[in-house]
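Chemist: This one is structure.cif, mmCIF, C-alpha atoms.
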```cif
data_my_file
#
loop_
_atom_site.label_atom_id
_atom_site.label_comp_id
_atom_site.auth_asym_id
_atom_site.auth_seq_id
_atom_site.Cartn_x
_atom_site.Cartn_y
_atom_site.Cartn_z
CA MET A 1 25.32 9.26 9.63
CA LEU A 2 22.93 8.36 6.91
CA ALA A 3 25.01 7.79 3.77
CA ILE A 4 22.97 8.02 0.57
CA THR A 5 24.39 6.64 -2.68
CA LEU A 6 22.25 7.25 -5.75
CA SER A 7 21.89 3.76 -7.19
CA PRO A 8 18.77 2.77 -9.20
CA GLY A 9 17.68 0.76 -6.15
CA THR A 10 17.88 3.81 -3.87
CA VAL A 11 15.93 6.00 -6.31
CA VAL A 12 13.14 3.40 -6.62
CA LEU A 13 13.13 2.87 -2.82
CA VAL A 14 12.81 6.61 -2.10
CA GLY A 15 10.11 7.04 -4.77
CA ALA A 16 8.09 4.04 -3.56
CA VAL A 17 8.21 5.02 0.13
CA PHE A 18 7.48 8.70 -0.53
CA LEU A 19 4.50 8.08 -2.83
CA ALA A 20 3.03 5.28 -0.70
CA CYS A 21 3.31 7.38 2.46
CA SER A 22 1.82 10.42 0.75
CA VAL A 23 -1.23 8.50 -0.50
CA GLU A 24 -1.93 6.97 2.92
CA MET A 25 -1.37 10.30 4.66
CA VAL A 26 -3.79 12.13 2.36
CA GLU A 27 -6.42 9.57 3.38
CA ALA A 28 -5.60 10.01 7.08
CA LEU A 29 -5.55 13.80 6.75
CA THR A 30 -9.08 13.82 5.28
CA ILE A 31 -10.35 12.10 8.44
CA VAL A 32 -8.35 14.38 10.79
CA LEU A 33 -9.57 17.56 9.03
CA ALA A 34 -13.18 16.36 9.23
CA VAL A 35 -12.79 15.57 12.95
CA GLY A 36 -10.98 18.82 13.73
CA HIS A 37 -13.48 21.07 11.94
CA THR A 38 -16.51 19.27 13.40
CA ARG A 39 -15.53 18.31 16.95
CA GLY A 40 -12.64 20.67 17.75
CA TRP A 41 -8.89 20.44 17.22
CA ARG A 42 -7.61 19.64 20.70
CA SER A 43 -8.81 16.03 20.99
CA ALA A 44 -8.29 15.41 17.26
CA LEU A 45 -4.62 16.44 17.49
CA GLU A 46 -4.19 14.39 20.68
CA GLY A 47 -5.51 11.37 18.76
CA VAL A 48 -3.04 12.07 15.93
CA ALA A 49 -0.12 12.45 18.36
CA VAL A 50 -0.88 9.19 20.21
CA ALA A 51 -1.27 7.32 16.88
CA LEU A 52 2.07 8.67 15.61
CA VAL A 53 3.82 7.63 18.86
CA ALA A 54 2.30 4.13 18.56
CA LEU A 55 3.44 3.86 14.92
CA CYS A 56 6.99 5.05 15.78
CA ALA A 57 7.08 2.45 18.58
CA LEU A 58 6.15 -0.26 16.07
CA VAL A 59 8.97 0.79 13.71
CA ALA A 60 11.44 0.96 16.62
CA ALA A 61 10.37 -2.50 17.88
CA PHE A 62 10.21 -4.41 14.60
CA GLY A 63 12.87 -2.53 12.57
CA PRO A 64 15.93 -3.83 14.46
CA ALA A 65 14.33 -7.28 14.87
CA LEU A 66 14.08 -7.67 11.08
CA ALA A 67 17.85 -7.17 10.82
CA HIS A 68 18.33 -10.59 12.49
CA VAL A 69 16.30 -12.52 9.89
CA PRO A 70 18.51 -14.17 7.20
CA LEU A 71 18.52 -11.89 4.14
CA SER A 72 17.30 -14.44 1.57
CA VAL A 73 14.37 -15.48 3.81
CA LEU A 74 13.55 -11.83 4.55
CA ARG A 75 13.64 -10.92 0.87
CA LEU A 76 11.43 -13.86 -0.12
CA ILE A 77 8.80 -12.97 2.52
CA VAL A 78 9.03 -9.24 1.82
CA GLY A 79 8.99 -9.85 -1.94
CA ALA A 80 5.83 -11.96 -1.66
CA VAL A 81 4.11 -9.40 0.59
CA LEU A 82 5.04 -6.51 -1.70
CA LEU A 83 3.99 -8.45 -4.79
CA ILE A 84 0.54 -9.17 -3.30
CA PHE A 85 0.13 -5.65 -1.92
CA GLY A 86 1.42 -3.99 -5.09
CA LEU A 87 -0.86 -6.07 -7.33
CA GLN A 88 -3.84 -5.12 -5.12
CA TRP A 89 -3.00 -1.38 -5.44
CA LEU A 90 -2.40 -1.67 -9.17
CA ARG A 91 -5.66 -3.57 -9.70
CA LYS A 92 -7.65 -0.93 -7.82
CA ALA A 93 -5.95 1.96 -9.64
CA ILE A 94 -6.49 0.32 -13.06
CA LEU A 95 -10.17 -0.32 -12.30
CA ARG A 96 -10.57 3.33 -11.26
CA SER A 97 -8.70 4.67 -14.29
CA SER A 98 -10.74 2.54 -16.66
CA GLY A 99 -14.01 3.65 -15.03
CA LEU A 100 -15.00 0.24 -13.65
CA LYS A 101 -14.70 1.51 -10.07
CA SER A 102 -15.56 4.98 -8.82
CA LYS A 103 -12.59 7.15 -7.89
CA HIS A 104 -11.64 7.88 -4.29
CA ASP A 105 -13.33 11.25 -3.69
CA GLU A 106 -11.69 12.87 -0.66
CA ASP A 107 -14.27 15.71 -0.69
CA GLN A 108 -17.12 13.20 -0.51
CA ILE A 109 -15.37 11.23 2.24
CA TYR A 110 -14.84 14.51 4.11
CA ARG A 111 -18.55 15.44 3.80
CA ASP A 112 -19.69 11.95 4.87
CA LYS A 113 -17.40 12.01 7.91
CA VAL A 114 -18.59 15.51 8.90
CA GLU A 115 -22.26 14.40 8.63
CA GLU A 116 -21.54 11.29 10.69
CA LEU A 117 -19.75 13.27 13.43
CA ARG A 118 -22.39 16.05 13.53
CA ALA A 119 -25.07 13.42 14.13
CA LEU A 120 -23.35 12.47 17.40
CA ASN A 121 -23.67 14.41 20.69
CA ALA A 122 -22.29 17.95 20.88
CA PRO A 123 -18.53 18.01 21.53
CA VAL A 124 -17.23 18.60 25.06
CA SER A 125 -13.82 20.07 26.03
CA ARG A 126 -12.08 16.66 25.98
CA ASP A 127 -13.90 14.81 23.22
CA ARG A 128 -13.55 11.02 23.28
CA VAL A 129 -15.20 10.61 19.85
CA ALA A 130 -12.78 13.07 18.19
CA PHE A 131 -9.79 11.38 19.85
CA VAL A 132 -10.82 7.85 18.84
CA VAL A 133 -11.78 8.73 15.24
CA ALA A 134 -8.56 10.72 14.66
CA PHE A 135 -6.46 7.99 16.33
CA LYS A 136 -8.04 5.19 14.29
CA GLY A 137 -7.75 7.14 11.03
CA VAL A 138 -4.06 7.88 11.49
CA PHE A 139 -3.15 4.52 13.07
CA LEU A 140 -4.87 2.32 10.49
CA GLU A 141 -3.62 4.28 7.46
CA GLY A 142 -0.23 4.55 9.16
CA LEU A 143 0.00 0.77 9.69
CA GLU A 144 0.22 0.30 5.93
CA VAL A 145 2.98 2.90 5.84
CA VAL A 146 4.84 1.04 8.61
CA VAL A 147 4.62 -2.24 6.68
CA ILE A 148 5.92 -0.54 3.52
CA VAL A 149 8.74 1.30 5.34
CA LEU A 150 9.86 -1.79 7.25
CA THR A 151 9.66 -4.24 4.35
CA LEU A 152 11.23 -1.99 1.72
CA GLY A 153 13.78 -0.56 4.16
CA ALA A 154 14.83 -3.85 5.78
CA SER A 155 15.30 -5.72 2.50
CA ALA A 156 17.52 -2.98 1.11
CA HIS A 157 19.29 -2.54 4.50
CA ARG A 158 17.94 1.04 4.41
CA VAL A 159 15.36 1.20 7.24
CA ALA A 160 16.75 4.57 8.39
CA LEU A 161 16.51 6.05 4.88
CA ALA A 162 12.98 4.66 4.39
CA ALA A 163 11.89 6.09 7.78
CA LEU A 164 13.44 9.47 6.89
CA VAL A 165 11.60 9.57 3.55
CA ALA A 166 8.34 8.65 5.33
CA ALA A 167 8.92 11.52 7.80
CA VAL A 168 9.54 13.94 4.90
CA ALA A 169 6.30 12.74 3.24
CA LEU A 170 4.49 13.32 6.56
CA VAL A 171 5.76 16.92 6.73
CA VAL A 172 5.04 17.63 3.04
CA VAL A 173 1.48 16.22 3.19
CA GLY A 174 0.92 17.98 6.54
CA ILE A 175 1.92 21.37 5.10
CA ALA A 176 -0.05 20.74 1.91
CA GLY A 177 -3.05 19.77 4.05
CA VAL A 178 -2.88 23.03 5.98
CA VAL A 179 -2.50 25.03 2.75
CA VAL A 180 -5.20 23.35 0.66
CA ALA A 181 -7.40 22.60 3.70
CA ARG A 182 -10.52 20.99 2.25
CA GLN A 183 -9.35 20.60 -1.33
CA LEU A 184 -7.72 17.20 -0.95
CA SER A 185 -9.71 15.96 -3.95
CA LYS A 186 -7.28 17.98 -6.10
CA VAL A 187 -4.50 15.57 -5.14
CA PRO A 188 -4.07 13.15 -8.08
CA GLU A 189 -4.55 10.22 -5.73
CA ASN A 190 -5.29 7.55 -8.31
CA ALA A 191 -2.23 8.43 -10.41
CA MET A 192 -0.12 8.31 -7.24
CA LYS A 193 -1.67 4.99 -6.23
CA MET A 194 -0.93 3.59 -9.68
CA SER A 195 2.71 4.73 -9.49
CA VAL A 196 3.07 3.16 -6.03
CA GLY A 197 1.50 -0.05 -7.33
CA VAL A 198 4.07 -0.18 -10.15
CA LEU A 199 6.94 0.43 -7.69
CA LEU A 200 5.70 -2.12 -5.13
CA VAL A 201 5.24 -4.81 -7.80
CA THR A 202 8.71 -3.94 -9.13
CA TYR A 203 10.31 -4.44 -5.72
CA GLY A 204 8.11 -7.46 -5.03
CA THR A 205 9.26 -9.16 -8.24
CA PHE A 206 12.92 -8.26 -7.67
CA TRP A 207 13.10 -9.44 -4.07
CA THR A 208 11.00 -12.54 -4.55
CA GLY A 209 13.54 -13.48 -7.22
CA GLU A 210 16.50 -12.61 -4.97
CA GLY A 211 14.94 -14.65 -2.16
CA LEU A 212 14.67 -17.63 -4.53
CA LYS A 213 18.32 -17.09 -5.63
CA VAL A 214 17.41 -15.90 -9.13
CA HIS A 215 20.38 -14.00 -10.61
CA TRP A 216 18.92 -10.94 -12.31
CA ALA A 217 20.63 -9.81 -15.49
CA GLY A 218 22.06 -6.34 -14.76
CA ASP A 219 21.49 -6.70 -10.97
CA ASP A 220 19.98 -3.45 -9.56
CA ALA A 221 19.45 -2.02 -13.07
CA MET A 222 16.72 -4.66 -13.47
CA LEU A 223 14.61 -2.53 -11.09
CA VAL A 224 14.49 0.24 -13.71
CA PHE A 225 13.53 -2.29 -16.39
CA PHE A 226 10.70 -3.62 -14.18
CA VAL A 227 9.39 -0.09 -13.50
CA VAL A 228 9.14 0.55 -17.25
CA PHE A 229 7.75 -2.93 -17.95
CA TYR A 230 4.98 -2.75 -15.33
CA ALA A 231 4.14 0.87 -16.28
CA VAL A 232 3.64 -0.19 -19.92
CA VAL A 233 1.56 -3.24 -18.87
CA THR A 234 -0.58 -0.98 -16.63
CA TRP A 235 -1.15 1.52 -19.43
CA PHE A 236 -2.09 -1.33 -21.79
CA LEU A 237 -4.54 -2.87 -19.30
CA VAL A 238 -6.25 0.51 -18.69
CA TRP A 239 -6.52 1.03 -22.46
CA LEU A 240 -7.91 -2.50 -22.94
CA LEU A 241 -10.52 -2.15 -20.19
CA ARG A 242 -11.63 1.26 -21.47
CA ARG A 243 -12.10 -0.21 -24.95
CA ARG A 244 -14.01 -3.24 -23.66
CA HIS A 245 -16.26 -1.28 -21.27
CA PRO A 246 -16.88 2.14 -22.84
CA LEU A 247 -20.33 2.49 -21.23
CA ASP A 248 -19.08 1.74 -17.72
CA HIS A 249 -16.42 4.39 -18.27
CA GLU A 250 -18.99 7.05 -19.17
CA VAL A 251 -21.24 6.19 -16.26
CA THR A 252 -18.75 6.15 -13.40
CA THR A 253 -16.14 8.79 -14.19
CA MET B 1 -25.57 -13.11 25.81
CA LYS B 2 -22.25 -13.43 23.98
CA GLU B 3 -19.27 -13.56 26.37
CA LYS B 4 -16.66 -10.83 25.79
CA SER B 5 -13.24 -12.33 24.94
CA SER B 6 -10.10 -11.43 26.91
CA LEU B 7 -7.76 -8.60 25.85
CA PRO B 8 -4.84 -10.83 24.65
CA LEU B 9 -7.28 -12.88 22.58
CA ARG B 10 -8.76 -9.74 21.03
CA VAL B 11 -5.25 -8.42 20.24
CA VAL B 12 -4.29 -11.72 18.56
CA LYS B 13 -7.58 -11.77 16.64
CA GLY B 14 -7.10 -8.13 15.57
CA PHE B 15 -3.52 -8.86 14.45
CA ALA B 16 -4.63 -11.90 12.45
CA MET B 17 -7.52 -9.94 10.89
CA PHE B 18 -5.15 -7.12 9.90
CA TRP B 19 -2.88 -9.52 7.99
CA TRP B 20 -5.83 -11.39 6.48
CA ASP B 21 -7.34 -8.12 5.18
CA PHE B 22 -3.90 -6.89 4.13
CA LEU B 23 -2.88 -9.97 2.15
CA VAL B 24 -6.11 -11.69 1.11
CA GLY B 25 -9.01 -9.23 1.52
CA ASP B 26 -11.34 -9.26 -1.46
CA THR B 27 -8.69 -10.50 -3.89
CA PRO B 28 -7.88 -14.09 -2.82
CA GLU B 29 -6.94 -14.83 -6.45
CA LEU B 30 -3.93 -12.49 -6.20
CA PHE B 31 -2.78 -14.13 -2.95
CA LEU B 32 -3.03 -17.61 -4.47
CA ALA B 33 -1.42 -16.49 -7.75
CA VAL B 34 1.63 -15.10 -5.91
CA LEU B 35 2.01 -18.35 -3.94
CA LEU B 36 1.76 -20.29 -7.22
CA THR B 37 4.33 -17.96 -8.84
CA ILE B 38 6.79 -18.54 -5.99
CA GLY B 39 6.24 -22.30 -6.31
CA VAL B 40 6.85 -22.28 -10.10
CA VAL B 41 10.00 -20.13 -9.82
CA ALA B 42 11.34 -22.25 -6.94
CA VAL B 43 10.87 -25.41 -9.02
CA LEU B 44 12.57 -23.78 -12.05
CA LYS B 45 15.52 -22.70 -9.87
CA ALA B 46 15.77 -26.16 -8.30
CA GLN B 47 16.37 -27.63 -11.77
CA GLY B 48 19.64 -25.70 -11.87
CA HIS B 49 19.69 -24.62 -15.52
CA PHE B 50 16.61 -22.45 -15.64
CA ASN B 51 17.73 -19.07 -14.29
CA THR B 52 16.65 -17.30 -17.48
CA ALA B 53 13.28 -19.07 -17.43
CA ALA B 54 12.83 -18.01 -13.78
CA GLN B 55 13.66 -14.39 -14.69
CA VAL B 56 10.94 -14.43 -17.33
CA ALA B 57 8.40 -16.50 -15.38
CA LEU B 58 8.30 -14.21 -12.33
CA PRO B 59 7.13 -10.97 -14.02
CA ALA B 60 5.07 -12.89 -16.59
CA LEU B 61 3.11 -14.71 -13.88
CA ALA B 62 2.66 -11.46 -11.92
CA VAL B 63 1.15 -9.82 -15.03
CA ALA B 64 -1.03 -12.90 -15.65
CA ALA B 65 -2.30 -12.72 -12.04
CA LEU B 66 -3.16 -9.03 -12.44
CA ALA B 67 -4.94 -9.63 -15.76
CA LEU B 68 -6.90 -12.54 -14.26
CA SER B 69 -7.97 -10.46 -11.28
CA LEU B 70 -9.04 -7.56 -13.53
CA TRP B 71 -10.96 -9.93 -15.77
CA ARG B 72 -12.75 -11.31 -12.69
CA ALA B 73 -13.52 -7.77 -11.45
CA SER B 74 -14.81 -6.57 -14.82
CA GLY B 75 -16.99 -9.72 -15.08
CA CYS B 76 -18.52 -9.00 -11.64
CA GLN B 77 -19.08 -5.37 -12.67
CA ARG B 78 -20.96 -6.43 -15.80
CA ARG B 79 -23.26 -8.77 -13.89
CA LYS B 80 -24.28 -5.92 -11.52
#
```
Take the structure from the file and write it as structure tokens.
Modeler:
Amino acid sequence: MLAITLSPGTVVLVGAVFLACSVEMVEALTIVLAVGHTRGWRSALEGVAVALVALCALVAAFGPALAHVPLSVLRLIVGAVLLIFGLQWLRKAILRSSGLKSKHDEDQIYRDKVEELRALNAPVSRDRVAFVVAFKGVFLEGLEVVVIVLTLGASAHRVALAALVAAVALVVVGIAGVVVARQLSKVPENAMKMSVGVLLVTYGTFWTGEGLKVHWAGDDAMLVFFVVFYAVVTWFLVWLLRRRHPLDHEVTT
Amino acid sequence: MKEKSSLPLRVVKGFAMFWWDFLVGDTPELFLAVLLTIGVVAVLKAQGHFNTAAQVALPALAVAALALSLWRASGCQRRK
């Protein structure tokens, strides 16, 4: 049975996995919807199914293997990976919020993908193009989810919980996708990406420290402090960049 | 004509490329900054009496890395 105790660590873990999975799945869903509407649903859904099986196989293969790595080594490696990955997400989200980088427009991506697919030959009953594009979209976006689920889950000894949360995110985004259909641009993707960035950097900092045998004051409660700390720093950096580049902000948002 | 490489070689190359894009990509400064941060904190911990300094150095260096990377990005944006 999956026992869930509500410690600060568990709350941050669930939040980080859910948001990260949701963001990646919105991106994958945009591609799948474009393929399905343009080339037909049968091959697109086959591509999605095969990609999901491949991703589940990866979690099943590497999840138990990670349990055999010494915890301090695992946490140092995972902490470093999450710190790098989290800083990359945070950087991108801050640049988008401050107007220095154009926002991820799912509607535009959808239109571009539809154009690209319509330019190809007319679809046949079993469409190789639809299968490959849907498979690649789901598999590549899903790989990032797998890395997040395995690293966050394994370091907290909660792979099962992380996988469950990822599955819930898959269902929620799937249902939302069916309901909103082509209005994925209404999803506040940049705000979600920024929140995930804060959570990944939080975990990255915490576990890098644990891996290096740093004794955090307050133990798990330090995670909450880091969430607040990095959120404030992020807000400050967005404010600073908007002040320094007001023209860029007007042009690109 | 370029010879097509074997399947295992392509898989290994693809795997290496995935991790390269994942960890380095277009922000090598963040990758290097995190390695530097780990080095600094490891040295502080090795001294034995610097646990508090290590607790402060880790998030401070992470924020410095982020600020540096943003400064680099905003500089590139201005030159465009």
Chemist: Residues picked by the PyMOL selection byres ((chain A and resi 48-51) around 12) here, as a VMD selection string?
Modeler: chain A and resid 25 28 to 29 31 to 33 35 to 36 41 to 47 52 to 58 130 to 143 174
Chemist: Could you write out that same residue set with C-alpha atoms as a PDB file, keeping the file's coordinate frame?
Modeler:
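part.pdb written:
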```pdb
ATOM      1  CA  MET A  25      -1.370  10.300   4.660  1.00  0.00           C
ATOM      2  CA  ALA A  28      -5.600  10.010   7.080  1.00  0.00           C
ATOM      3  CA  LEU A  29      -5.550  13.800   6.750  1.00  0.00           C
ATOM      4  CA  ILE A  31     -10.350  12.100   8.440  1.00  0.00           C
ATOM      5  CA  VAL A  32      -8.350  14.380  10.790  1.00  0.00           C
ATOM      6  CA  LEU A  33      -9.570  17.560   9.030  1.00  0.00           C
ATOM      7  CA  VAL A  35     -12.790  15.570  12.950  1.00  0.00           C
ATOM      8  CA  GLY A  36     -10.980  18.820  13.730  1.00  0.00           C
ATOM      9  CA  TRP A  41      -8.890  20.440  17.220  1.00  0.00           C
ATOM     10  CA  ARG A  42      -7.610  19.640  20.700  1.00  0.00           C
ATOM     11  CA  SER A  43      -8.810  16.030  20.990  1.00  0.00           C
ATOM     12  CA  ALA A  44      -8.290  15.410  17.260  1.00  0.00           C
ATOM     13  CA  LEU A  45      -4.620  16.440  17.490  1.00  0.00           C
ATOM     14  CA  GLU A  46      -4.190  14.390  20.680  1.00  0.00           C
ATOM     15  CA  GLY A  47      -5.510  11.370  18.760  1.00  0.00           C
ATOM     16  CA  LEU A  52       2.070   8.670  15.610  1.00  0.00           C
ATOM     17  CA  VAL A  53       3.820   7.630  18.860  1.00  0.00           C
ATOM     18  CA  ALA A  54       2.300   4.130  18.560  1.00  0.00           C
ATOM     19  CA  LEU A  55       3.440   3.860  14.920  1.00  0.00           C
ATOM     20  CA  CYS A  56       6.990   5.050  15.780  1.00  0.00           C
ATOM     21  CA  ALA A  57       7.080   2.450  18.580  1.00  0.00           C
ATOM     22  CA  LEU A  58       6.150  -0.260  16.070  1.00  0.00           C
ATOM     23  CA  ALA A 130     -12.780  13.070  18.190  1.00  0.00           C
ATOM     24  CA  PHE A 131      -9.790  11.380  19.850  1.00  0.00           C
ATOM     25  CA  VAL A 132     -10.820   7.850  18.840  1.00  0.00           C
ATOM     26  CA  VAL A 133     -11.780   8.730  15.240  1.00  0.00           C
ATOM     27  CA  ALA A 134      -8.560  10.720  14.660  1.00  0.00           C
ATOM     28  CA  PHE A 135      -6.460   7.990  16.330  1.00  0.00           C
ATOM     29  CA  LYS A 136      -8.040   5.190  14.290  1.00  0.00           C
ATOM     30  CA  GLY A 137      -7.750   7.140  11.030  1.00  0.00           C
ATOM     31  CA  VAL A 138      -4.060   7.880  11.490  1.00  0.00           C
ATOM     32  CA  PHE A 139      -3.150   4.520  13.070  1.00  0.00           C
ATOM     33  CA  LEU A 140      -4.870   2.320  10.490  1.00  0.00           C
ATOM     34  CA  GLU A 141      -3.620   4.280   7.460  1.00  0.00           C
ATOM     35  CA  GLY A 142      -0.230   4.550   9.160  1.00  0.00           C
ATOM     36  CA  LEU A 143       0.000   0.770   9.690  1.00  0.00           C
ATOM     37  CA  GLY A 174       0.920  17.980   6.540  1.00  0.00           C
TER      38      GLY A 174
END
```
Chemist: Which residue, A:Ala221, A:Leu90, A:Ala163, A:Ala61, has the smallest gap to chain B when you use only C-alpha atoms?
Modeler: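 Going through A:Ala221, A:Leu90, A:Ala163, A:Ala61 one by one, the smallest distance to chain B is for A:Leu90.
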Chemist: Compile a residue-level contact table for chain A against chain B at a cut-off of 10 Å, reporting for every qualifying residue the shortest atom pair and its distance in Å to one decimal, with all atoms listed in the file counted, rows ordered by chain and ascending number, as a Markdown table.
Modeler:
```
| residue | atom | partner | partner_atom | distance |
| --- | --- | --- | --- | --- |
| A:Leu76 | CA | B:Ile38 | CA | 8.8 |
| A:Gly79 | CA | B:Ile38 | CA | 9.8 |
| A:Ala80 | CA | B:Val34 | CA | 6.7 |
| A:Val81 | CA | B:Leu23 | CA | 7.2 |
| A:Leu82 | CA | B:Leu23 | CA | 9.5 |
| A:Leu83 | CA | B:Val34 | CA | 7.1 |
| A:Ile84 | CA | B:Phe31 | CA | 6.0 |
| A:Phe85 | CA | B:Leu23 | CA | 6.7 |
| A:Leu87 | CA | B:Leu66 | CA | 6.3 |
| A:Gln88 | CA | B:Thr27 | CA | 7.3 |
| A:Leu90 | CA | B:Leu66 | CA | 8.1 |
| A:Arg91 | CA | B:Leu70 | CA | 6.5 |
| A:Lys92 | CA | B:Leu70 | CA | 8.9 |
| A:Ile94 | CA | B:Leu70 | CA | 8.3 |
| A:Leu95 | CA | B:Leu70 | CA | 7.4 |
| A:Leu100 | CA | B:Ser74 | CA | 6.9 |
| A:Lys101 | CA | B:Gln77 | CA | 8.6 |
| A:Leu140 | CA | B:Phe18 | CA | 9.5 |
| A:Leu143 | CA | B:Phe18 | CA | 9.4 |
| A:Glu144 | CA | B:Phe22 | CA | 8.5 |
| A:Val201 | CA | B:Ala62 | CA | 8.2 |
| A:Thr202 | CA | B:Pro59 | CA | 8.7 |
| A:Gly204 | CA | B:Ala62 | CA | 9.7 |
| A:Thr205 | CA | B:Pro59 | CA | 6.4 |
| A:Phe206 | CA | B:Leu58 | CA | 8.9 |
| A:Thr208 | CA | B:Ile38 | CA | 7.5 |
| A:Gly209 | CA | B:Leu58 | CA | 7.4 |
| A:Gly211 | CA | B:Ala42 | CA | 9.7 |
| A:Leu212 | CA | B:Ala42 | CA | 6.2 |
| A:Lys213 | CA | B:Lys45 | CA | 7.6 |
| A:Val214 | CA | B:Asn51 | CA | 6.1 |
| A:His215 | CA | B:Asn51 | CA | 6.8 |
| A:Trp216 | CA | B:Gln55 | CA | 6.7 |
| A:Ala217 | CA | B:Gln55 | CA | 8.4 |
| A:Phe226 | CA | B:Pro59 | CA | 8.2 |
| A:Phe229 | CA | B:Pro59 | CA | 9.0 |
| A:Tyr230 | CA | B:Val63 | CA | 8.0 |
| A:Val233 | CA | B:Val63 | CA | 7.6 |
| A:Thr234 | CA | B:Val63 | CA | 9.1 |
| A:Leu237 | CA | B:Ala67 | CA | 7.6 |
| A:Val238 | CA | B:Leu70 | CA | 10.0 |
| A:Leu241 | CA | B:Ser74 | CA | 8.2 |
| A:Arg244 | CA | B:Ser74 | CA | 9.5 |
| A:His245 | CA | B:Ser74 | CA | 8.5 |
| A:Asp248 | CA | B:Arg78 | CA | 8.6 |
```
Chemist: Keeping only C-alpha atoms, take the residues you just selected and write them out as a PDB file, keeping the file's coordinate frame.
Modeler:
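Full text of again-v9.pdb as output:
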```pdb
ATOM      1  CA  LEU A  76      11.430 -13.860  -0.120  1.00  0.00           C
ATOM      2  CA  GLY A  79       8.990  -9.850  -1.940  1.00  0.00           C
ATOM      3  CA  ALA A  80       5.830 -11.960  -1.660  1.00  0.00           C
ATOM      4  CA  VAL A  81       4.110  -9.400   0.590  1.00  0.00           C
ATOM      5  CA  LEU A  82       5.040  -6.510  -1.700  1.00  0.00           C
ATOM      6  CA  LEU A  83       3.990  -8.450  -4.790  1.00  0.00           C
ATOM      7  CA  ILE A  84       0.540  -9.170  -3.300  1.00  0.00           C
ATOM      8  CA  PHE A  85       0.130  -5.650  -1.920  1.00  0.00           C
ATOM      9  CA  LEU A  87      -0.860  -6.070  -7.330  1.00  0.00           C
ATOM     10  CA  GLN A  88      -3.840  -5.120  -5.120  1.00  0.00           C
ATOM     11  CA  LEU A  90      -2.400  -1.670  -9.170  1.00  0.00           C
ATOM     12  CA  ARG A  91      -5.660  -3.570  -9.700  1.00  0.00           C
ATOM     13  CA  LYS A  92      -7.650  -0.930  -7.820  1.00  0.00           C
ATOM     14  CA  ILE A  94      -6.490   0.320 -13.060  1.00  0.00           C
ATOM     15  CA  LEU A  95     -10.170  -0.320 -12.300  1.00  0.00           C
ATOM     16  CA  LEU A 100     -15.000   0.240 -13.650  1.00  0.00           C
ATOM     17  CA  LYS A 101     -14.700   1.510 -10.070  1.00  0.00           C
ATOM     18  CA  LEU A 140      -4.870   2.320  10.490  1.00  0.00           C
ATOM     19  CA  LEU A 143       0.000   0.770   9.690  1.00  0.00           C
ATOM     20  CA  GLU A 144       0.220   0.300   5.930  1.00  0.00           C
ATOM     21  CA  VAL A 201       5.240  -4.810  -7.800  1.00  0.00           C
ATOM     22  CA  THR A 202       8.710  -3.940  -9.130  1.00  0.00           C
ATOM     23  CA  GLY A 204       8.110  -7.460  -5.030  1.00  0.00           C
ATOM     24  CA  THR A 205       9.260  -9.160  -8.240  1.00  0.00           C
ATOM     25  CA  PHE A 206      12.920  -8.260  -7.670  1.00  0.00           C
ATOM     26  CA  THR A 208      11.000 -12.540  -4.550  1.00  0.00           C
ATOM     27  CA  GLY A 209      13.540 -13.480  -7.220  1.00  0.00           C
ATOM     28  CA  GLY A 211      14.940 -14.650  -2.160  1.00  0.00           C
ATOM     29  CA  LEU A 212      14.670 -17.630  -4.530  1.00  0.00           C
ATOM     30  CA  LYS A 213      18.320 -17.090  -5.630  1.00  0.00           C
ATOM     31  CA  VAL A 214      17.410 -15.900  -9.130  1.00  0.00           C
ATOM     32  CA  HIS A 215      20.380 -14.000 -10.610  1.00  0.00           C
ATOM     33  CA  TRP A 216      18.920 -10.940 -12.310  1.00  0.00           C
ATOM     34  CA  ALA A 217      20.630  -9.810 -15.490  1.00  0.00           C
ATOM     35  CA  PHE A 226      10.700  -3.620 -14.180  1.00  0.00           C
ATOM     36  CA  PHE A 229       7.750  -2.930 -17.950  1.00  0.00           C
ATOM     37  CA  TYR A 230       4.980  -2.750 -15.330  1.00  0.00           C
ATOM     38  CA  VAL A 233       1.560  -3.240 -18.870  1.00  0.00           C
ATOM     39  CA  THR A 234      -0.580  -0.980 -16.630  1.00  0.00           C
ATOM     40  CA  LEU A 237      -4.540  -2.870 -19.300  1.00  0.00           C
ATOM     41  CA  VAL A 238      -6.250   0.510 -18.690  1.00  0.00           C
ATOM     42  CA  LEU A 241     -10.520  -2.150 -20.190  1.00  0.00           C
ATOM     43  CA  ARG A 244     -14.010  -3.240 -23.660  1.00  0.00           C
ATOM     44  CA  HIS A 245     -16.260  -1.280 -21.270  1.00  0.00           C
ATOM     45  CA  ASP A 248     -19.080   1.740 -17.720  1.00  0.00           C
TER      46      ASP A 248
END
```
Chemist: What separation in Å, quoted to one decimal, exists between CA of Gly9 in chain A and CA of Val171 in chain A?
Modeler: 23.9 Å
Chemist: Any idea what the distance is between CA of Ile148 in chain A and CA of Gly86 in chain A?
Modeler: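 For CA of Ile148 in chain A relative to CA of Gly86 in chain A, the distance reads 10.3 Å.
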Chemist: How would you write, as a list in words, the residues chosen by the PyMOL selection byres ((chain A and resi 149) around 7) on this structure?
Modeler: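 Residues picked by the PyMOL selection byres ((chain A and resi 149) around 7): Val17, Val145, Val146, Val147, Ile148, Leu150, Thr151, Leu152, Gly153, Val159, Ala162 and Ala163 of chain A.
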Chemist: Could you please take those selected residues and save C-alpha atoms as a short mmCIF file (atom, residue, chain, number, x, y, z; two decimals), in the coordinates of the input?
Modeler:
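out_12.cif written:
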```cif
data_model
loop_
_atom_site.label_atom_id
_atom_site.label_comp_id
_atom_site.auth_asym_id
_atom_site.auth_seq_id
_atom_site.Cartn_x
_atom_site.Cartn_y
_atom_site.Cartn_z
CA VAL A 17 8.21 5.02 0.13
CA VAL A 145 2.98 2.90 5.84
CA VAL A 146 4.84 1.04 8.61
CA VAL A 147 4.62 -2.24 6.68
CA ILE A 148 5.92 -0.54 3.52
CA LEU A 150 9.86 -1.79 7.25
CA THR A 151 9.66 -4.24 4.35
CA LEU A 152 11.23 -1.99 1.72
CA GLY A 153 13.78 -0.56 4.16
CA VAL A 159 15.36 1.20 7.24
CA ALA A 162 12.98 4.66 4.39
CA ALA A 163 11.89 6.09 7.78
#
```
